[in-house]
Amino acid sequence: MRHIISIMLENEAGALSRVAGLFSARGYNIESLTVAPTEDATMSRMTIVTSGSDAVIEQISKQLNKLIEVVAMQDLSGGEHIERELMLVKMHAVGEAREEIKRMADIFNGRIIDVSDQTYTVELTGTSVQLDSFLQAFDRHLIVETVRTGASGIGCGQRILKL
Amino acid sequence: MELTGAEIAIRCLQEEEVEYVFGYPGGAVLYIYDALFTQDKVKHILVRHEQAAVHAADGYARSTDKVGVALVTSGPGVTNAVTGIATAYMDSIPMVIISGQVPTHMIGEDAFQEVDTVGITRPCVKHNFLVKDVNDIAVTIKKAFYLAKSGRPGPVLVDIPKDISLQKTTFSYPESVTIRSYNPAQKAEAGAVKQAVQLLLEAKRPMIYTGGGVILSDAAATLKELVHLLGFPCTSTLMGLGGFPETDKQFLGMLGMHGTLEANMATQHCDVLLAVGARFDDRVIGNVSHFNEIPRKIIHIDIDPASVSKRVQVDVALVGDVSHVLKDMLALLHSSRQKPDAAAIAPWWKQIGEWRARNSLAYKGSIEVIKPQFVVQKLYEITRGEAFVTSDVGQHQMWAAQYYKFDQPRRWINSGGLGTMGFGLPAAMGVQLAHPGDTVACVTGEGSIQMCIQELSTCKQYHLPIKVISLNNRYLGMVRQWQQFFHGNRYAESYMDALPDFVKLAEAYGHVGIKVEKPSEVEDALKEAFARKNDLVFMDFRTDPTENVFPMVPGGKGLSDVRLAEDE
């Protein structure tokens, strides 16, 4: 099953490779991993999307907690949460496709942020599944390149991960 | 007064009351060696290879309750040390390794003797640090000792670039440190302790299985009290030997791949299993699905939550320090109205007695050729079971574990998790330095000993009267045994040809060498060797090349799929 794990990490050189190294050394999946500093300069916030049986997810949580630089963590999938991912997709936009892409971008609440005579670049935010469906709505040959950030997640309401 | 980073590093070791540093100098640690030279509180032991420095620090730590310390230079100094660090990591041994690094402005430029030390050691340390500011040295070393010793112990590495070791600052050693993300549990949850005690009291076929955690937590006395109070059978992993007296009638011997029949059968067939500081390793439990075929309740005491339900799902998790948890269990048992019922478990003891009667450690003696088991038995008799015994890895390690009966903790020193050949001799150096007046024996083989043989030179320099018991069967015996059983007798590269004359070799290093070829000479040779209190004696026992280690649970099989010598 897919899990979204949120981690508060010491903002130190090497902390990221400790987390990434743990996943590769123990053979765990990483679907996506995203990390950036927080309002507290000593701390980074990381979101990892992974998958595995309950036993594997339990081990992942425990092994992450053993890392000295992991200050706090939470399996967001264990409760109500919001998940967002940003995608930039450059599309081959000539002829009829030009109108079609614009229409579809509107439906998905996307924005066209770069235009050339051959291409549109669409900015889209949503759950990973929503981004997938946007891409699936087009012929493969229309998609020139895609860049995705991987999911970021946060708990709903009083579900807070903080020191 | 301002001190250099190097002086601060040594002052920190003094503050930690470090007795010995095992190391090897080089370019990046020259200032640190300079600082060592101008003081005499911390003594340095010059090894002949960095792997041995770490193993010696490891042996020192295992035989005491202190943190072992090693000092190596950058680049090859570190890469040579990695095997030692990984060995300590797998067995959770508290250790601090200080390594030199190229100057900060050269990091990343592929400088001479540069290696990404923090990167290369990351998967085999509890934690590591690169110190980039001289003001951070003291607090980093304090953290390193704290992390190494607390919680589930392990090696911690501190990498100090050369320029940082030369810069100056004022020195103050912190009294204590806190790390906000790191709070290892001491006591287990009271509710879980209660549940565990209840399960134990209701057991009809109970079994206690203890591991290295008992030794690391210094919990042997408490364990003994609990096992005696309960009246239950007890077994130990390779790492836990000595945690419970092996000559006690409640002890069933070691379990696992080369465990006794009674220990393995009782572990497989029990209805309540209490695991104490052990981790259900593949060499212990064998095949997990086979193990799970028999329903039983499992209680697991471990300080590391990640060890709980990792390979085997447990019913009651007691996450805490073994010693604390056992004391809480004892207190609860003492105050409980319900007492252990000896009559209820009498049939279980009767069954165990039947397994025991099979005498699974029996072997065929010989008057023609020396049986390796016989050498270990004689070693046990002559040292009255009181020696510190280190070992290398292979058949000799298993025979030492099976036939030397350890009644005290911290006497059996071996590389259990990583299985590092070359561990025995350098580890014995650390043990001998920690216990100058005591008998230290290194049980090894002609394969393993040659992986760190250069340390005979270190032993000479520091007058370490270790007794090397080499069980020389002219084979990488354990490899040969697996090739015989599982690879159709194709002995690929397991024969040791062109061996040196070990007697002459020992003599060349300034030690005493004895060659023993007949069973009738074994006892006298051992007596003579151990009578030489001040000499390192290298004993080259020419043992039976065809002898195998039994009992044996083949890899991937279940605990009760055991092969006994008598099957042959």
# chains A, B, ... in the order shown; residues from 1 in each chain; ligands from 1
call {"tool": "select_by_dssp", "arguments": {"residues": "segment 8-143 of chain A", "states": "alpha helix (DSSP H)", "output": "PyMOL selection string"}}
result
chain A and resi 15-25+54-66+96-107+128-136
call {"tool": "write_last_selection", "arguments": {"atoms": "N, CA and C atoms", "output": "compact mmCIF listing (two decimals), in the first residue's frame"}}
result
# COMPACT_ATOMS: atom_id res chain seq x y z
N ALA A 15 22.18 14.89 6.16
CA ALA A 15 20.96 14.30 6.72
C ALA A 15 20.14 13.62 5.61
N LEU A 16 20.06 14.29 4.46
CA LEU A 16 19.30 13.74 3.34
C LEU A 16 19.89 12.40 2.89
N SER A 17 21.22 12.33 2.80
CA SER A 17 21.80 11.06 2.32
C SER A 17 21.63 9.96 3.35
N ARG A 18 21.55 10.31 4.63
CA ARG A 18 21.27 9.28 5.63
C ARG A 18 19.90 8.66 5.40
N VAL A 19 18.91 9.49 5.11
CA VAL A 19 17.56 8.97 4.86
C VAL A 19 17.54 8.17 3.56
N ALA A 20 18.09 8.78 2.49
CA ALA A 20 18.08 8.09 1.19
C ALA A 20 18.88 6.79 1.28
N GLY A 21 20.02 6.83 2.00
CA GLY A 21 20.86 5.64 2.16
C GLY A 21 20.15 4.53 2.89
N LEU A 22 19.35 4.90 3.89
CA LEU A 22 18.58 3.90 4.64
C LEU A 22 17.64 3.14 3.70
N PHE A 23 16.94 3.88 2.83
CA PHE A 23 16.00 3.24 1.91
C PHE A 23 16.71 2.30 0.94
N SER A 24 17.84 2.74 0.40
CA SER A 24 18.51 1.86 -0.57
C SER A 24 19.16 0.68 0.14
N ALA A 25 19.78 0.91 1.32
CA ALA A 25 20.47 -0.17 2.01
C ALA A 25 19.52 -1.28 2.43
N ASP A 54 2.25 -3.74 5.67
CA ASP A 54 2.22 -3.08 6.98
C ASP A 54 3.52 -3.32 7.73
N ALA A 55 4.05 -4.54 7.63
CA ALA A 55 5.28 -4.87 8.36
C ALA A 55 6.45 -4.03 7.83
N VAL A 56 6.50 -3.88 6.51
CA VAL A 56 7.59 -3.09 5.92
C VAL A 56 7.47 -1.62 6.34
N ILE A 57 6.24 -1.09 6.29
CA ILE A 57 6.05 0.31 6.67
C ILE A 57 6.42 0.52 8.14
N GLU A 58 6.09 -0.48 8.99
CA GLU A 58 6.45 -0.38 10.41
C GLU A 58 7.97 -0.33 10.56
N GLN A 59 8.68 -1.18 9.82
CA GLN A 59 10.15 -1.17 9.86
C GLN A 59 10.69 0.16 9.35
N ILE A 60 10.12 0.67 8.26
CA ILE A 60 10.59 1.95 7.72
C ILE A 60 10.47 3.03 8.79
N SER A 61 9.33 3.08 9.45
CA SER A 61 9.13 4.10 10.49
C SER A 61 10.15 3.94 11.60
N LYS A 62 10.34 2.70 12.05
CA LYS A 62 11.27 2.48 13.17
C LYS A 62 12.70 2.80 12.76
N GLN A 63 13.07 2.38 11.56
CA GLN A 63 14.44 2.63 11.12
C GLN A 63 14.68 4.13 10.93
N LEU A 64 13.67 4.84 10.41
CA LEU A 64 13.82 6.29 10.26
C LEU A 64 13.99 6.94 11.63
N ASN A 65 13.19 6.48 12.59
CA ASN A 65 13.28 7.05 13.93
C ASN A 65 14.64 6.83 14.58
N LYS A 66 15.34 5.79 14.14
CA LYS A 66 16.67 5.51 14.71
C LYS A 66 17.72 6.51 14.22
N GLU A 96 -5.15 21.91 -33.69
CA GLU A 96 -6.27 21.67 -32.78
C GLU A 96 -5.83 21.48 -31.34
N ALA A 97 -4.65 20.91 -31.18
CA ALA A 97 -4.16 20.60 -29.83
C ALA A 97 -4.03 21.86 -28.98
N ARG A 98 -3.75 23.00 -29.62
CA ARG A 98 -3.58 24.26 -28.89
C ARG A 98 -4.83 24.57 -28.06
N GLU A 99 -5.99 24.41 -28.66
CA GLU A 99 -7.24 24.69 -27.98
C GLU A 99 -7.54 23.59 -26.94
N GLU A 100 -7.26 22.35 -27.32
CA GLU A 100 -7.55 21.20 -26.47
C GLU A 100 -6.75 21.28 -25.15
N ILE A 101 -5.48 21.64 -25.28
CA ILE A 101 -4.63 21.73 -24.09
C ILE A 101 -5.15 22.83 -23.16
N LYS A 102 -5.53 23.94 -23.73
CA LYS A 102 -6.01 25.08 -22.93
C LYS A 102 -7.29 24.68 -22.17
N ARG A 103 -8.17 23.98 -22.88
CA ARG A 103 -9.43 23.55 -22.27
C ARG A 103 -9.17 22.58 -21.10
N MET A 104 -8.31 21.64 -21.38
CA MET A 104 -8.01 20.62 -20.36
C MET A 104 -7.31 21.26 -19.15
N ALA A 105 -6.42 22.21 -19.42
CA ALA A 105 -5.73 22.91 -18.33
C ALA A 105 -6.76 23.63 -17.46
N ASP A 106 -7.76 24.22 -18.08
CA ASP A 106 -8.82 24.90 -17.31
C ASP A 106 -9.57 23.91 -16.42
N ILE A 107 -9.92 22.77 -16.99
CA ILE A 107 -10.67 21.75 -16.23
C ILE A 107 -9.88 21.32 -14.99
N SER A 128 -1.15 13.40 -6.60
CA SER A 128 -0.38 12.70 -7.63
C SER A 128 -1.30 12.02 -8.62
N VAL A 129 -2.44 11.52 -8.13
CA VAL A 129 -3.41 10.83 -9.00
C VAL A 129 -4.01 11.81 -10.00
N GLN A 130 -4.33 13.04 -9.52
CA GLN A 130 -4.89 14.06 -10.43
C GLN A 130 -3.89 14.41 -11.54
N LEU A 131 -2.63 14.54 -11.15
CA LEU A 131 -1.61 14.87 -12.15
C LEU A 131 -1.50 13.75 -13.18
N ASP A 132 -1.57 12.51 -12.67
CA ASP A 132 -1.54 11.36 -13.59
C ASP A 132 -2.69 11.43 -14.58
N SER A 133 -3.91 11.78 -14.07
CA SER A 133 -5.06 11.76 -14.98
C SER A 133 -4.95 12.87 -16.02
N PHE A 134 -4.36 14.00 -15.65
CA PHE A 134 -4.16 15.06 -16.64
C PHE A 134 -3.30 14.51 -17.80
N LEU A 135 -2.22 13.85 -17.44
CA LEU A 135 -1.31 13.33 -18.48
C LEU A 135 -2.00 12.27 -19.33
N GLN A 136 -2.86 11.46 -18.65
CA GLN A 136 -3.52 10.38 -19.38
C GLN A 136 -4.58 10.90 -20.36
call {"tool": "residues_around", "arguments": {"residues": "segment 28-40 of chain B", "least_positions_apart": "6", "cutoff": "6 Å", "atoms": "only C-alpha atoms", "output": "PyMOL selection string"}}
result
chain B and resi 6-7+73-74+100-102+162
call {"tool": "write_last_selection", "arguments": {"atoms": "C-alpha atoms", "output": "compact mmCIF listing (two decimals), in the first residue's frame"}}
result
# COMPACT_ATOMS: atom_id res chain seq x y z
CA ALA B 6 44.28 18.38 18.16
CA GLU B 7 45.03 19.19 21.81
CA THR B 73 44.37 8.77 9.33
CA SER B 74 42.39 9.83 6.26
CA GLY B 100 41.86 12.54 10.18
CA GLN B 101 40.59 14.25 7.05
CA VAL B 102 42.28 16.40 4.43
CA LYS B 162 43.79 18.61 9.35
call {"tool": "residues_around", "arguments": {"residues": "segment 31-33 of chain A", "least_positions_apart": "3", "cutoff": "9 Å", "atoms": "only C-alpha atoms", "output": "MDAnalysis selection string"}}
result
chainID A and resid 2 20 46:51 149:152
call {"tool": "residues_around", "arguments": {"residues": "segment 540-557 of chain B", "least_positions_apart": "3", "cutoff": "6 Å", "atoms": "only C-alpha atoms", "output": "PyMOL selection string"}}
result
chain B and resi 257-258+286-287+369-372+470-473+515-517+562-565
call {"tool": "write_last_selection", "arguments": {"atoms": "C-alpha atoms", "output": "compact mmCIF listing (two decimals), in the first residue's frame"}}
result
# COMPACT_ATOMS: atom_id res chain seq x y z
CA MET B 257 22.63 -23.17 13.25
CA HIS B 258 25.19 -25.01 15.40
CA GLY B 286 16.58 -20.31 10.70
CA ASN B 287 13.56 -20.33 8.45
CA VAL B 369 44.56 -37.45 14.77
CA ILE B 370 43.78 -34.40 16.89
CA LYS B 371 40.09 -33.62 17.08
CA PRO B 372 39.53 -29.86 17.27
CA SER B 470 45.35 -22.31 16.03
CA LEU B 471 43.24 -25.27 14.92
CA ASN B 472 45.11 -25.90 11.70
CA ASN B 473 43.17 -28.28 9.43
CA LYS B 515 53.62 -27.48 16.85
CA VAL B 516 51.28 -30.20 18.12
CA GLU B 517 50.53 -33.20 15.91
CA VAL B 562 18.79 -30.43 12.60
CA ARG B 563 21.52 -32.70 11.33
CA LEU B 564 23.39 -34.56 14.04
CA ALA B 565 26.79 -36.17 13.75
call {"tool": "closest_residue", "arguments": {"among": "B:Lys204, B:Lys224, B:Lys378, B:Lys297", "to": "Ile345 of chain B", "atoms": "only C-alpha atoms"}}
result
B:Lys204
call {"tool": "residues_around", "arguments": {"residues": "Glu202 of chain B", "least_positions_apart": "2", "cutoff": "10 Å", "atoms": "only C-alpha atoms", "output": "PyMOL selection string"}}
result
chain B and resi 197-200+204-206+271-272+338-341+344-345
call {"tool": "interface_residues", "arguments": {"of": "chain B", "to": "chain A", "cutoff": "9 Å", "atoms": "only C-alpha atoms", "output": "ChimeraX atom specification"}}
result
/B:118-119,122-123,126-127,179-182,304-307,309-310
call {"tool": "atom_distance", "arguments": {"atom1": "atom CA of Ile352 of chain B", "atom2": "atom CA of Pro295 of chain B"}}
result
18.5 Å
call {"tool": "residues_around", "arguments": {"residues": "Gly259 of chain B", "least_positions_apart": "6", "cutoff": "12 Å", "atoms": "only C-alpha atoms", "output": "VMD selection string"}}
result
chain B and resid 235 to 238 241 252 to 253 265 to 267 283 to 286 359 to 361 398 to 399 401 to 403 549 to 554 559 to 564
call {"tool": "select_by_dssp", "arguments": {"residues": "segment 497-551 of chain B", "states": "strand (DSSP E or B)", "output": "PyMOL selection string"}}
result
chain B and resi 512-516+537-543
call {"tool": "write_last_selection", "arguments": {"atoms": "C-alpha atoms", "output": "CSV table (one decimal), in the first residue's frame"}}
result
chain,number,residue,atom,x,y,z
B,512,VAL,CA,57.3,-18.9,21.3
B,513,GLY,CA,55.8,-21.4,18.8
B,514,ILE,CA,54.7,-25.0,19.5
B,515,LYS,CA,53.6,-27.5,16.9
B,516,VAL,CA,51.3,-30.2,18.1
B,537,VAL,CA,52.7,-18.7,22.7
B,538,PHE,CA,51.5,-19.7,19.2
B,539,MET,CA,50.2,-23.2,19.2
B,540,ASP,CA,49.8,-24.8,15.8
B,541,PHE,CA,47.5,-27.8,16.4
B,542,ARG,CA,47.4,-30.0,13.3
B,543,THR,CA,43.8,-31.1,13.5
call {"tool": "atom_distance", "arguments": {"atom1": "atom CA of Val193 of chain B", "atom2": "atom CA of Ile215 of chain B"}}
result
20.9 Å
